[in-house]
Amino acid sequence: MAHQEPLLLIDCRSTLEDIRTTLQIVETTLSGPIDPAQLADINLVLTELMTNIARHGYPDTTGHISLRLCRGPDSVECQIVDTGAPFDPTSLGQNPPEPMAFPEGGFGWFIIRQLARHIRYQRDRDRNVLRLSVPMAQVAETVSSV
């Protein structure tokens, strides 16, 4: 991510309310330069990732989530960092889940894998670091800053 143009860097608490606000900022920031359908993909991926962190990474407490988005030549690169419970998701969502096996939820990682590429996880000391790319048909040249 070091050689890419930053689009957004934001920290939030791991509450569903703060995540919702963060996703609104993402949408506002990227709505001009990114096609609405592609922006919907980015928002869906980030929604799934951040709510998973809130529910599973911090089940009994409120923590922090850092989100960094950068523009690549044909994708938006995402990095999400949290200090929640260690969780390596790289083996999840390889196949669609059986609908009857999950009365609620269980499809998140399958959806993420359909929309994102180059998913990489690392546990760095006490931090979960997840990096991935959301492919774009075309990323505009200029991006407004927040």
# chains A, B, ... in the order shown; residues from 1 in each chain; ligands from 1
$ residues_around --residues "A:Arg127" --least-positions-apart "6" --cutoff "9 Å" --atoms "only C-alpha atoms" --output "ChimeraX atom specification"
/A:81-86
$ write_last_selection --atoms "C-alpha atoms" --output "compact mmCIF listing (two decimals), in the first residue's frame"
# COMPACT_ATOMS: atom_id res chain seq x y z
CA VAL A 81 -6.42 -3.38 11.60
CA ASP A 82 -7.88 -4.28 14.99
CA THR A 83 -6.65 -5.51 18.36
CA GLY A 84 -9.49 -7.95 18.89
CA ALA A 85 -9.23 -11.70 19.34
CA PRO A 86 -6.84 -13.37 16.86
$ residues_around --residues "A:Leu9" --least-positions-apart "4" --cutoff "12 Å" --atoms "only C-alpha atoms" --output "PyMOL selection string"
chain A and resi 5+22+25-26+29+65-70+77-81+145-146
$ atom_distance --atom1 "atom CA of A:Arg120" --atom2 "atom CA of A:Gly72"
16.3 Å
$ closest_residue --among "A:Arg13, A:Leu49, A:Ala40, A:Thr28" --to "A:Phe110" --atoms "only C-alpha atoms"
A:Leu49
$ closest_residue --among "A:Gln122, A:Val129, A:Val76, A:Pro6" --to "A:Asp41" --atoms "only C-alpha atoms"
A:Val76
$ closest_residue --among "A:His56, A:Leu132, A:Tyr121, A:Asn43" --to "A:Ser31" --atoms "only C-alpha atoms"
A:Asn43
$ atom_distance --atom1 "atom CA of A:Leu8" --atom2 "atom CA of A:Asp60"
28.6 Å
$ select_by_dssp --residues "stretch 24-139 of chain A" --states "strand (DSSP E or B)" --output "ChimeraX atom specification"
/A:64-71,75-82,117-124,127-135
$ atom_distance --atom1 "atom CA of A:Pro135" --atom2 "atom CA of A:Glu17"
27.4 Å
$ closest_residue --among "A:Gly63, A:Pro73, A:Pro33, A:Pro89" --to "A:Ser133" --atoms "only C-alpha atoms"
A:Pro73
$ closest_residue --among "A:Leu130, A:Val45, A:Met136, A:Met50" --to "A:Thr21" --atoms "only C-alpha atoms"
A:Met50
